[in-house]
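Containing mmCIF, C-alpha atoms: upload.cif.
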```
data_data
#
loop_
_atom_site.label_atom_id
_atom_site.label_comp_id
_atom_site.auth_asym_id
_atom_site.auth_seq_id
_atom_site.Cartn_x
_atom_site.Cartn_y
_atom_site.Cartn_z
CA GLY A 1440 -6.83 103.24 159.92
CA LEU A 1441 -7.24 99.70 161.23
CA TYR A 1442 -8.27 97.12 158.64
CA ILE A 1443 -11.06 95.96 160.96
CA PHE A 1444 -12.91 99.21 160.22
CA ASN A 1445 -12.06 99.30 156.50
CA SER A 1446 -13.83 96.20 155.26
CA SER A 1447 -17.49 95.22 155.43
CA ALA A 1448 -16.31 91.60 155.62
CA THR A 1449 -15.27 92.24 159.23
CA PHE A 1450 -18.65 93.20 160.64
CA VAL A 1451 -20.41 90.55 158.54
CA PHE A 1452 -18.08 87.93 160.04
CA LEU A 1453 -18.78 89.26 163.54
CA TRP A 1454 -22.56 89.19 162.99
CA MET A 1455 -22.26 85.62 161.69
CA PHE A 1456 -20.10 84.64 164.66
CA PHE A 1457 -22.66 86.11 167.04
CA ALA A 1458 -25.54 84.27 165.34
CA PHE A 1459 -23.67 80.95 165.37
CA TYR A 1460 -22.63 81.51 168.97
CA TYR A 1461 -26.26 82.09 169.93
CA LEU A 1462 -27.15 78.90 168.06
CA PHE A 1463 -24.44 77.03 169.99
CA THR A 1464 -26.10 77.96 173.31
CA PHE A 1465 -28.73 75.33 172.43
CA VAL A 1466 -26.25 72.85 173.87
CA TYR A 1467 -26.80 74.01 177.45
CA SER A 1468 -30.15 75.83 177.21
CA ASP A 1469 -33.12 74.38 179.09
CA ALA A 1470 -35.55 76.09 176.68
CA SER A 1471 -34.24 75.21 173.21
CA GLU A 1472 -37.79 74.50 171.99
CA ILE A 1473 -38.61 78.17 172.68
CA GLY A 1474 -35.35 79.66 171.43
CA ILE A 1475 -35.39 77.89 168.07
CA ARG A 1476 -37.99 80.35 166.77
CA TYR A 1477 -35.36 83.12 166.84
CA ILE A 1478 -32.78 81.35 164.69
CA PRO A 1479 -34.20 82.01 161.17
CA LYS A 1480 -34.66 85.66 162.09
CA TYR A 1481 -31.07 86.05 163.30
CA PHE A 1482 -29.62 84.51 160.14
CA PHE A 1483 -31.97 86.26 157.70
CA PRO A 1484 -30.13 89.65 157.62
CA ILE A 1485 -26.75 87.97 157.09
CA ALA A 1486 -28.06 85.70 154.35
CA PHE A 1487 -29.62 88.69 152.58
CA PHE A 1488 -26.43 90.75 152.76
CA LEU A 1489 -24.18 87.96 151.48
CA PHE A 1490 -26.56 87.23 148.60
CA ALA A 1491 -27.20 90.85 147.65
CA MET A 1492 -23.52 91.79 147.53
CA GLN A 1493 -22.94 89.06 144.92
CA VAL A 1494 -25.42 90.56 142.43
CA ARG A 1495 -23.72 92.25 139.49
CA GLY A 1496 -24.86 94.53 136.70
CA VAL A 1497 -28.00 95.88 138.39
CA ASP A 1498 -29.02 99.38 137.41
CA ALA A 1499 -29.10 101.73 140.43
CA LYS A 1500 -32.27 103.49 139.29
CA TYR A 1501 -34.05 100.15 139.08
CA ILE A 1502 -32.92 99.30 142.63
CA ARG A 1503 -34.18 102.61 143.94
CA MET A 1504 -37.54 102.24 142.20
CA CYS A 1505 -38.03 98.70 143.50
CA TYR A 1506 -36.99 99.50 147.04
CA PHE A 1507 -38.94 102.72 147.49
CA ARG A 1508 -42.11 101.34 145.90
CA GLY A 1509 -41.63 97.97 147.56
CA LEU A 1510 -41.52 99.59 151.00
CA ILE A 1511 -44.84 101.31 150.39
CA VAL A 1512 -46.52 98.18 149.02
CA TYR A 1513 -45.26 96.00 151.84
CA LEU A 1514 -46.15 98.54 154.50
CA VAL A 1515 -49.74 98.70 153.30
CA GLY A 1516 -49.90 94.92 153.02
CA SER A 1517 -48.51 94.32 156.49
CA ILE A 1518 -51.07 96.67 158.02
CA VAL A 1519 -53.87 94.88 156.14
CA ILE A 1520 -52.85 91.58 157.77
CA PHE A 1521 -52.77 93.27 161.18
CA TYR A 1522 -55.11 90.69 162.70
CA MET A 1523 -53.46 87.71 161.05
CA GLN A 1524 -52.46 85.02 163.55
CA SER A 1525 -49.09 83.42 162.88
CA THR A 1526 -47.16 80.52 164.37
CA PRO A 1527 -44.18 81.26 166.66
CA TYR A 1528 -41.84 80.37 163.79
CA LEU A 1529 -43.43 82.93 161.46
CA GLU A 1530 -44.00 85.58 164.13
CA GLY A 1531 -41.78 88.52 163.25
CA PHE A 1532 -42.31 88.17 159.48
CA SER A 1533 -45.75 89.78 159.36
CA GLY A 1534 -48.33 91.71 161.37
CA ARG A 1535 -48.39 94.89 163.43
CA HIS A 1536 -44.95 94.57 164.99
CA PHE A 1537 -43.32 93.75 161.68
CA SER A 1538 -44.93 96.75 159.98
CA LYS A 1539 -43.67 99.23 162.58
CA PHE A 1540 -40.07 98.48 161.55
CA VAL A 1541 -40.96 98.84 157.87
CA ALA A 1542 -42.69 102.16 158.61
CA MET A 1543 -39.75 103.52 160.61
CA THR A 1544 -37.33 102.46 157.86
CA ALA A 1545 -39.45 104.35 155.33
CA VAL A 1546 -39.45 107.49 157.48
CA LEU A 1547 -35.68 107.48 158.07
CA ILE A 1548 -34.92 106.89 154.38
CA ALA A 1549 -37.23 109.81 153.57
CA VAL A 1550 -35.39 112.05 156.08
CA ALA A 1551 -31.98 111.04 154.72
CA ASP A 1552 -33.12 111.52 151.11
CA PHE A 1553 -34.61 114.94 151.90
CA LEU A 1554 -31.45 116.06 153.70
CA THR A 1555 -29.33 115.01 150.72
CA HIS A 1556 -31.48 115.89 147.71
CA GLY A 1557 -34.08 118.31 149.03
CA ALA A 1558 -37.84 118.00 148.58
CA LYS A 1559 -38.74 115.27 146.10
CA LEU A 1560 -42.00 113.48 145.44
CA ARG A 1561 -40.41 110.17 146.43
CA ASN A 1562 -39.33 111.27 149.93
CA ALA A 1563 -42.61 113.14 150.50
CA VAL A 1564 -44.70 110.05 149.68
CA LEU A 1565 -42.37 107.68 151.54
CA GLY A 1566 -42.32 109.88 154.65
CA PHE A 1567 -46.10 110.38 154.67
CA VAL A 1568 -46.89 106.68 154.26
CA GLY A 1569 -44.30 105.75 156.91
CA LEU A 1570 -45.65 108.23 159.46
CA LEU A 1571 -49.20 107.14 158.72
CA GLY A 1572 -48.16 103.54 159.30
CA LEU A 1573 -46.52 104.42 162.63
CA TYR A 1574 -49.66 106.20 163.78
CA LEU A 1575 -51.91 103.31 162.73
CA VAL A 1576 -49.89 100.69 164.61
CA LEU A 1577 -49.45 103.19 167.49
CA GLN A 1578 -46.06 102.10 168.81
CA ARG A 1579 -44.51 104.54 171.27
CA GLY A 1580 -41.15 102.84 170.99
CA ALA A 1581 -41.18 103.36 167.23
CA PHE A 1582 -41.68 107.12 167.66
CA VAL A 1583 -38.87 107.37 170.22
CA ALA A 1584 -36.47 105.21 168.21
CA GLY A 1585 -37.39 106.97 164.97
CA ALA A 1586 -36.74 110.37 166.55
CA ALA A 1587 -33.32 109.15 167.75
CA GLY A 1588 -32.47 107.92 164.26
CA ALA A 1589 -33.67 111.14 162.62
CA ILE A 1590 -31.53 113.24 164.99
CA VAL A 1591 -28.46 111.16 164.12
CA ILE A 1592 -29.16 111.66 160.40
CA LEU A 1593 -29.46 115.42 160.93
CA LEU A 1594 -26.12 115.43 162.76
CA THR A 1595 -24.48 114.14 159.57
CA ALA A 1596 -25.49 117.32 157.69
CA ARG A 1597 -22.69 119.26 156.05
CA TYR A 1598 -23.42 122.53 157.77
CA ARG A 1599 -21.23 124.59 155.46
CA ARG A 1600 -23.86 123.99 152.84
CA THR A 1601 -26.69 126.44 153.41
CA ALA A 1602 -29.22 124.20 151.67
CA GLU A 1603 -28.61 121.30 154.06
CA LEU A 1604 -28.72 123.60 157.08
CA LYS A 1605 -32.15 124.86 156.00
CA ARG A 1606 -33.35 121.29 155.57
CA VAL A 1607 -32.18 120.43 159.10
CA VAL A 1608 -34.24 123.32 160.49
CA LEU A 1609 -37.29 122.18 158.52
CA VAL A 1610 -37.01 118.59 159.77
CA ILE A 1611 -36.60 119.74 163.39
CA GLY A 1612 -39.67 121.95 163.05
CA PHE A 1613 -41.62 119.06 161.55
CA MET A 1614 -40.55 116.77 164.42
CA LEU A 1615 -41.67 119.30 167.04
CA ALA A 1616 -45.00 119.70 165.27
CA GLY A 1617 -45.35 115.91 165.24
CA VAL A 1618 -44.77 115.72 169.00
CA ALA A 1619 -47.43 118.37 169.55
CA LEU A 1620 -49.91 116.46 167.36
CA LEU A 1621 -49.25 113.20 169.22
CA LEU A 1622 -49.77 114.83 172.61
CA SER A 1623 -53.02 116.37 171.37
CA SER A 1624 -54.28 112.96 170.24
CA GLU A 1625 -56.60 111.44 172.84
CA ARG A 1626 -55.92 107.99 171.40
CA PHE A 1627 -52.16 108.35 171.87
CA VAL A 1628 -52.44 109.83 175.37
CA GLU A 1629 -54.75 107.03 176.54
CA TYR A 1630 -52.37 104.46 175.06
CA SER A 1631 -49.27 106.01 176.61
CA PHE A 1632 -50.52 107.11 180.04
CA TYR A 1633 -52.93 105.80 182.62
CA ARG A 1634 -56.61 106.63 182.12
CA ASN A 1635 -56.75 109.19 184.92
CA ALA A 1636 -53.93 111.18 183.31
CA ASP A 1637 -54.70 114.50 181.69
CA ILE A 1638 -52.24 115.86 179.11
CA GLY A 1639 -52.51 119.36 180.58
CA ILE A 1640 -51.54 118.12 184.04
CA ILE A 1641 -48.76 115.98 182.57
CA LEU A 1642 -47.22 118.94 180.73
CA GLN A 1643 -47.59 121.16 183.81
CA ASP A 1644 -45.83 118.57 185.97
CA PHE A 1645 -43.14 118.07 183.34
CA PHE A 1646 -42.19 121.74 183.07
CA SER A 1647 -42.32 122.17 186.85
CA GLY A 1648 -40.01 119.17 187.38
CA ASN A 1649 -42.66 117.16 189.25
CA LEU A 1650 -43.54 114.60 186.61
CA ASN A 1651 -44.43 111.25 188.17
CA LEU A 1652 -43.12 108.43 185.98
CA ASN A 1653 -45.80 106.15 187.41
CA LEU A 1654 -48.20 107.87 185.03
CA ILE A 1655 -46.49 106.21 182.05
CA ARG A 1656 -47.90 102.88 180.91
CA ASP A 1657 -44.84 100.63 180.98
CA ARG A 1658 -47.01 97.50 180.68
CA ASP A 1659 -45.21 95.92 183.64
CA ARG A 1660 -41.89 95.88 181.79
CA PHE A 1661 -39.95 97.19 184.78
CA THR A 1662 -41.61 94.46 186.85
CA TRP A 1663 -40.34 91.79 184.44
CA ILE A 1664 -36.82 93.23 184.53
CA SER A 1665 -36.91 93.29 188.32
CA TYR A 1666 -38.04 89.66 188.38
CA LEU A 1667 -35.24 88.71 185.99
CA PHE A 1668 -32.65 90.39 188.22
CA SER A 1669 -33.91 88.43 191.22
CA GLY A 1670 -34.37 85.09 189.45
CA ALA A 1671 -31.20 84.76 187.36
CA ASP A 1672 -27.53 85.68 187.37
CA ILE A 1673 -25.33 87.09 184.62
CA SER A 1674 -22.60 84.65 183.58
CA SER A 1675 -19.74 84.55 181.10
CA PHE A 1676 -21.54 82.36 178.54
CA GLY A 1677 -25.18 82.89 179.49
CA MET A 1678 -28.16 80.69 180.25
CA GLY A 1679 -28.78 79.68 176.65
CA ILE A 1680 -31.20 80.80 173.98
CA GLY A 1681 -34.87 80.82 174.98
CA SER A 1682 -34.16 80.67 178.71
CA VAL A 1683 -35.28 84.21 179.55
CA PRO A 1684 -38.73 83.95 177.82
CA LYS A 1685 -39.25 80.64 179.62
CA LEU A 1686 -38.29 82.17 182.98
CA LEU A 1687 -40.65 85.13 182.47
CA GLY A 1688 -43.38 82.81 181.18
CA GLY A 1689 -43.34 80.98 184.49
CA TYR A 1690 -43.77 84.31 186.27
CA VAL A 1691 -46.58 85.54 184.00
CA GLY A 1692 -48.29 82.15 183.80
CA VAL A 1693 -47.71 81.21 180.15
CA SER A 1694 -45.23 78.97 178.31
CA HIS A 1695 -42.94 81.88 177.39
CA TYR A 1696 -42.96 85.67 177.52
CA ASP A 1697 -40.55 88.14 175.89
CA LEU A 1698 -38.56 90.54 178.08
CA HIS A 1699 -38.89 93.63 175.83
CA ASN A 1700 -35.26 94.59 176.48
CA ASP A 1701 -32.85 93.02 174.01
CA TRP A 1702 -29.69 94.28 175.72
CA LEU A 1703 -30.61 92.42 178.90
CA LEU A 1704 -31.93 89.44 176.92
CA ILE A 1705 -28.60 88.96 175.14
CA THR A 1706 -26.64 89.57 178.37
CA TYR A 1707 -28.51 86.83 180.21
CA GLU A 1708 -28.89 84.32 177.37
CA ALA A 1709 -25.56 84.75 175.55
CA GLY A 1710 -23.57 85.95 178.55
CA LEU A 1711 -20.91 88.62 178.67
CA ALA A 1712 -19.04 86.88 175.84
CA GLY A 1713 -22.03 87.04 173.49
CA LEU A 1714 -22.83 90.61 174.46
CA GLY A 1715 -19.21 91.60 173.79
CA VAL A 1716 -19.25 90.06 170.31
CA MET A 1717 -22.54 91.75 169.45
CA ILE A 1718 -21.31 95.16 170.64
CA LEU A 1719 -18.07 94.73 168.67
CA ALA A 1720 -20.06 93.84 165.53
CA ALA A 1721 -22.38 96.83 166.02
CA VAL A 1722 -19.54 99.30 166.63
CA THR A 1723 -17.52 97.96 163.69
CA MET A 1724 -20.48 98.32 161.34
CA LEU A 1725 -21.17 101.81 162.65
CA ILE A 1726 -17.57 103.01 162.16
CA TRP A 1727 -17.38 101.43 158.70
CA THR A 1728 -20.61 103.18 157.69
CA VAL A 1729 -19.39 106.56 158.97
CA ARG A 1730 -16.15 106.20 156.98
CA LYS A 1731 -18.05 105.33 153.80
CA MET A 1732 -20.57 108.11 154.38
CA ARG A 1733 -17.86 110.78 154.70
CA GLN A 1734 -16.51 109.84 151.26
CA ALA A 1735 -19.88 109.49 149.52
CA SER A 1736 -22.17 111.88 147.69
CA GLY A 1737 -25.53 111.82 145.98
CA SER A 1738 -27.80 108.83 146.41
CA ALA A 1739 -25.07 106.74 148.04
CA LEU A 1740 -24.69 109.39 150.74
CA ALA A 1741 -28.45 109.38 151.37
CA MET A 1742 -28.54 105.61 151.87
CA TYR A 1743 -25.47 105.60 154.14
CA ARG A 1744 -27.16 108.29 156.23
CA ALA A 1745 -30.33 106.20 156.40
CA ALA A 1746 -28.32 103.13 157.46
CA LEU A 1747 -26.60 105.12 160.22
CA GLY A 1748 -29.94 106.43 161.47
CA LEU A 1749 -31.40 102.92 161.47
CA MET A 1750 -28.44 101.62 163.48
CA PHE A 1751 -28.93 104.15 166.25
CA SER A 1752 -32.71 103.85 166.23
CA ASN A 1753 -32.50 100.07 166.63
CA TYR A 1754 -29.84 100.30 169.36
CA VAL A 1755 -32.08 102.71 171.28
CA TRP A 1756 -35.16 100.60 170.61
CA MET A 1757 -33.44 97.50 171.96
CA GLY A 1758 -33.51 99.10 175.41
CA PHE A 1759 -37.29 98.79 175.76
CA SER A 1760 -38.60 96.44 173.08
CA ASN A 1761 -38.06 93.27 171.04
CA VAL A 1762 -35.89 94.23 168.09
CA TRP A 1763 -33.99 90.99 167.58
CA ASN A 1764 -37.24 89.03 167.47
CA TYR A 1765 -37.94 90.99 164.29
CA ALA A 1766 -34.37 90.93 162.94
CA SER A 1767 -35.82 89.77 159.60
CA VAL A 1768 -36.79 93.41 159.06
CA SER A 1769 -35.20 95.52 161.83
CA ILE A 1770 -31.59 94.45 161.22
CA THR A 1771 -32.13 93.56 157.57
CA SER A 1772 -33.24 97.15 156.86
CA ILE A 1773 -29.77 98.35 157.85
CA PHE A 1774 -28.13 95.89 155.48
CA VAL A 1775 -30.57 96.84 152.71
CA CYS A 1776 -29.51 100.49 152.95
CA LEU A 1777 -25.82 99.53 152.92
CA VAL A 1778 -26.28 97.31 149.86
CA VAL A 1779 -28.27 99.94 147.96
CA ALA A 1780 -25.64 102.57 148.83
CA HIS A 1781 -22.95 100.24 147.49
CA TYR A 1782 -24.86 99.75 144.23
CA PHE A 1783 -25.24 103.50 143.83
CA GLU A 1784 -21.47 103.86 144.19
CA VAL A 1785 -20.81 101.16 141.59
CA GLU A 1786 -23.33 102.60 139.14
CA GLU A 1787 -22.03 106.15 139.48
CA ARG A 1788 -18.45 104.97 138.96
CA ARG A 1789 -19.58 103.14 135.84
CA ALA A 1790 -21.28 106.32 134.61
CA GLY A 1791 -18.11 108.32 135.21
CA THR A 1792 -19.46 110.31 138.18
CA PRO A 1793 -17.99 108.53 141.20
CA SER A 1794 -19.93 109.09 144.40
CA ILE A 1795 -16.92 108.41 146.59
CA GLN A 1796 -13.73 110.36 146.56
CA LYS A 1797 -11.36 107.62 147.63
CA VAL A 1798 -11.68 103.96 148.50
CA PRO A 1799 -9.82 103.30 151.76
CA SER A 1800 -6.99 100.82 151.66
CA GLY A 1801 -8.25 97.32 152.28
CA ASP A 1802 -11.91 98.02 151.44
CA HIS A 1803 -13.11 95.26 149.15
CA THR A 1804 -16.85 95.92 149.18
CA ALA A 1805 -16.89 97.62 145.76
CA ARG A 1806 -14.91 94.93 144.02
#
```
Will you turn the file into structure tokens for me?
Amino acid sequence: GLYIFNSSATFVFLWMFFAFYYLFTFVYSDASEIGIRYIPKYFFPIAFFLFAMQVRGVDAKYIRMCYFRGLIVYLVGSIVIFYMQSTPYLEGFSGRHFSKFVAMTAVLIAVADFLTHGAKLRNAVLGFVGLLGLYLVLQRGAFVAGAAGAIVILLTARYRRTAELKRVVLVIGFMLAGVALLLSSERFVEYSFYRNADIGIILQDFFSGNLNLNLIRDRDRFTWISYLFSGADISSFGMGIGSVPKLLGGYVGVSHYDLHNDWLLITYEAGLAGLGVMILAAVTMLIWTVRKMRQASGSALAMYRAALGLMFSNYVWMGFSNVWNYASVSITSIFVCLVVAHYFEVEERRAGTPSIQKVPSGDHTAR
């Protein structure tokens, strides 16, 4: 295969190039004072990955204990500070929106761990706390993105193994039951649809093919996108970081307002060049993860599956929410899973039970 897909150094370089390119757009942006708040969040995942991959001699069981327990502790803590007001520079490091990414990460790791190892106390507790957190913060996008990530994880099942096939069926059944519970929740229905909507009528219209999408509370997001289309043009190098929130802020009547669509945000602010680099980085990381996952087993396999699910969930989520604004947790969670998977591989090799069958030529991540 091509070397570009064999080494983690490639996608790390591309992510760094994208972050520095976005930083460079300060030169011609007319809203640099707004865009600067994104910079520490964009560089945080890369800094974490580069630092974590340099750590040596860490016991894999200790990593797993710290990460699984740490997720639970931080999730509870972030919900407790739900009403905490933060400055624009700290926004994205705490609060309700931060905790939804932590909760979704917990759920997807629980799904991947269950698919790989079966029912364990750790994945039961992690999944329960994660789902509880998602319900408490009540983020529709998190449920949709989490479902997309869970489906991708289930597609990685080795269907020749009867045990994994049974686990896939159980997870699908649990997901369907979860959808039914959400639709039966008056709180969720009122949050997701307009007040005059009745869930019985909505389901009737859905199955008859007459569902009116105007019933869904989009919180004027399609209006903002429409305004963006009419007020700005897509260019090769973009309008510069912070320009889109400033443009929407003028429309809404505030200093800045987020678009809630990261794909369009990057297209307009970083241009087609920036969007191309980001897509290349995302695809390279995805292919590298799939290659590693196919050769892995045990705990390393579980974490590679979780990373793959998180990639897809975030890519879906970027279509209708602010994911990059919370890159300090949304993108970092992917890198965390990749690093933990790598440590599991190293530890199992050291113990004489390698979790990968063959290291592809040119892969230097385990050295």
Check your understanding: Can you list, as a PyMOL selection string, the residues that the PyMOL selection byres ((chain A and resi 1729) around 12) selects here?
Key -> chain A and resi 1444-1445+1591-1592+1594-1595+1722-1728+1730-1735+1740+1742-1748+1750+1777
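Across A:Leu1577, A:Ala1584, A:Ile1664, A:Ala1739, the tightest approach to A:Val1628 is made by A:Leu1577 when counting only C-alpha atoms.
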Review point. Taking into account all atoms listed in the file, which residue in the set A:Phe1463, A:Leu1554, A:Leu1570, A:Met1455 is nearest to A:Glu1708?
Key: A:Phe1463
Point to revise | Spatial neighbours of stretch 1759-1772 of chain A, 8 Å, all atoms listed in the file, chain gap at least 2 places, as a PyMOL selection string | key: chain A and resi 1477+1480-1481+1483-1485+1487-1488+1531-1532+1536-1537+1540-1541+1544+1580+1697-1701+1746+1749+1753+1755-1757+1774-1776
Neighbours of point (-31.3, 118.7, 154.0) within 9 Å, using all atoms listed in the file, written as a CSV table (one decimal) with C-alpha atoms, in the coordinates of the input:
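The resulting file, out15.csv, is reproduced below:
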```
chain,number,residue,atom,x,y,z
A,1550,VAL,CA,-35.4,112.0,156.1
A,1551,ALA,CA,-32.0,111.0,154.7
A,1552,ASP,CA,-33.1,111.5,151.1
A,1553,PHE,CA,-34.6,114.9,151.9
A,1554,LEU,CA,-31.4,116.1,153.7
A,1555,THR,CA,-29.3,115.0,150.7
A,1556,HIS,CA,-31.5,115.9,147.7
A,1557,GLY,CA,-34.1,118.3,149.0
A,1558,ALA,CA,-37.8,118.0,148.6
A,1593,LEU,CA,-29.5,115.4,160.9
A,1596,ALA,CA,-25.5,117.3,157.7
A,1597,ARG,CA,-22.7,119.3,156.0
A,1602,ALA,CA,-29.2,124.2,151.7
A,1603,GLU,CA,-28.6,121.3,154.1
A,1604,LEU,CA,-28.7,123.6,157.1
A,1605,LYS,CA,-32.2,124.9,156.0
A,1606,ARG,CA,-33.4,121.3,155.6
A,1607,VAL,CA,-32.2,120.4,159.1
A,1608,VAL,CA,-34.2,123.3,160.5
A,1609,LEU,CA,-37.3,122.2,158.5
A,1610,VAL,CA,-37.0,118.6,159.8
```
Exercise for review: Determine, counting all atoms listed in the file, which protein, DNA and RNA residues have an atom within 8 Å of an atom of A:Asp1469; residues of the same chain fewer than 5 positions away are not included. Present the result as a PyMOL selection string.
Suggested key: chain A and resi 1679+1681-1682
Could you take the residues named above and write them with C-alpha atoms, as a PDB file, in the frame of the given file?
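Saved the output as again12.pdb:
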```
ATOM      1  CA  GLY A1679     -28.780  79.680 176.650  1.00  0.00           C
ATOM      2  CA  GLY A1681     -34.870  80.820 174.980  1.00  0.00           C
ATOM      3  CA  SER A1682     -34.160  80.670 178.710  1.00  0.00           C
TER       4      SER A1682
END
```
Practice item. Name the residues that the PyMOL selection byres ((chain A and resi 1545) around 7) pulls out of this structure, and write them as JSON, numbers by chain. Key: {"A": [1510, 1541, 1542, 1543, 1544, 1546, 1547, 1548, 1549, 1565, 1566, 1569]}
Residues of the last selection are to be written out with C-alpha atoms, as a JSON list (two decimals), in the frame of the given file.
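Saved the output as selection.json:
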```
[["chain", "number", "residue", "atom", "x", "y", "z"],
["A", 1510, "LEU", "CA", -41.52, 99.59, 151.00],
["A", 1541, "VAL", "CA", -40.96, 98.84, 157.87],
["A", 1542, "ALA", "CA", -42.69, 102.16, 158.61],
["A", 1543, "MET", "CA", -39.75, 103.52, 160.61],
["A", 1544, "THR", "CA", -37.33, 102.46, 157.86],
["A", 1546, "VAL", "CA", -39.45, 107.49, 157.48],
["A", 1547, "LEU", "CA", -35.68, 107.48, 158.07],
["A", 1548, "ILE", "CA", -34.92, 106.89, 154.38],
["A", 1549, "ALA", "CA", -37.23, 109.81, 153.57],
["A", 1565, "LEU", "CA", -42.37, 107.68, 151.54],
["A", 1566, "GLY", "CA", -42.32, 109.88, 154.65],
["A", 1569, "GLY", "CA", -44.30, 105.75, 156.91]]
```
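Interatomic distance, atom CA of A:Tyr1707 to atom CA of A:Val1691: 18.5 Å.
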Practice item. Take the PyMOL selection byres ((chain A and resi 1673) around 9), apply it to the structure above, and return the hits as number ranges by chain. Key: A: 1668, 1671-1672, 1674-1678, 1706-1708, 1710-1711
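Pairwise distance (atom CA of A:Val1778, atom CA of A:Leu1462) equals 25.9 Å.
Across the structure, atom CA of A:Ile1680 and atom CA of A:Gly1474 are spaced 5.0 Å apart.
Nearest-residue note for A:Gly1688: choosing from A:Val1451, A:Val1583, A:Ala1720, A:Ala1470, the minimum distance belongs to A:Ala1470, counting only C-alpha atoms.
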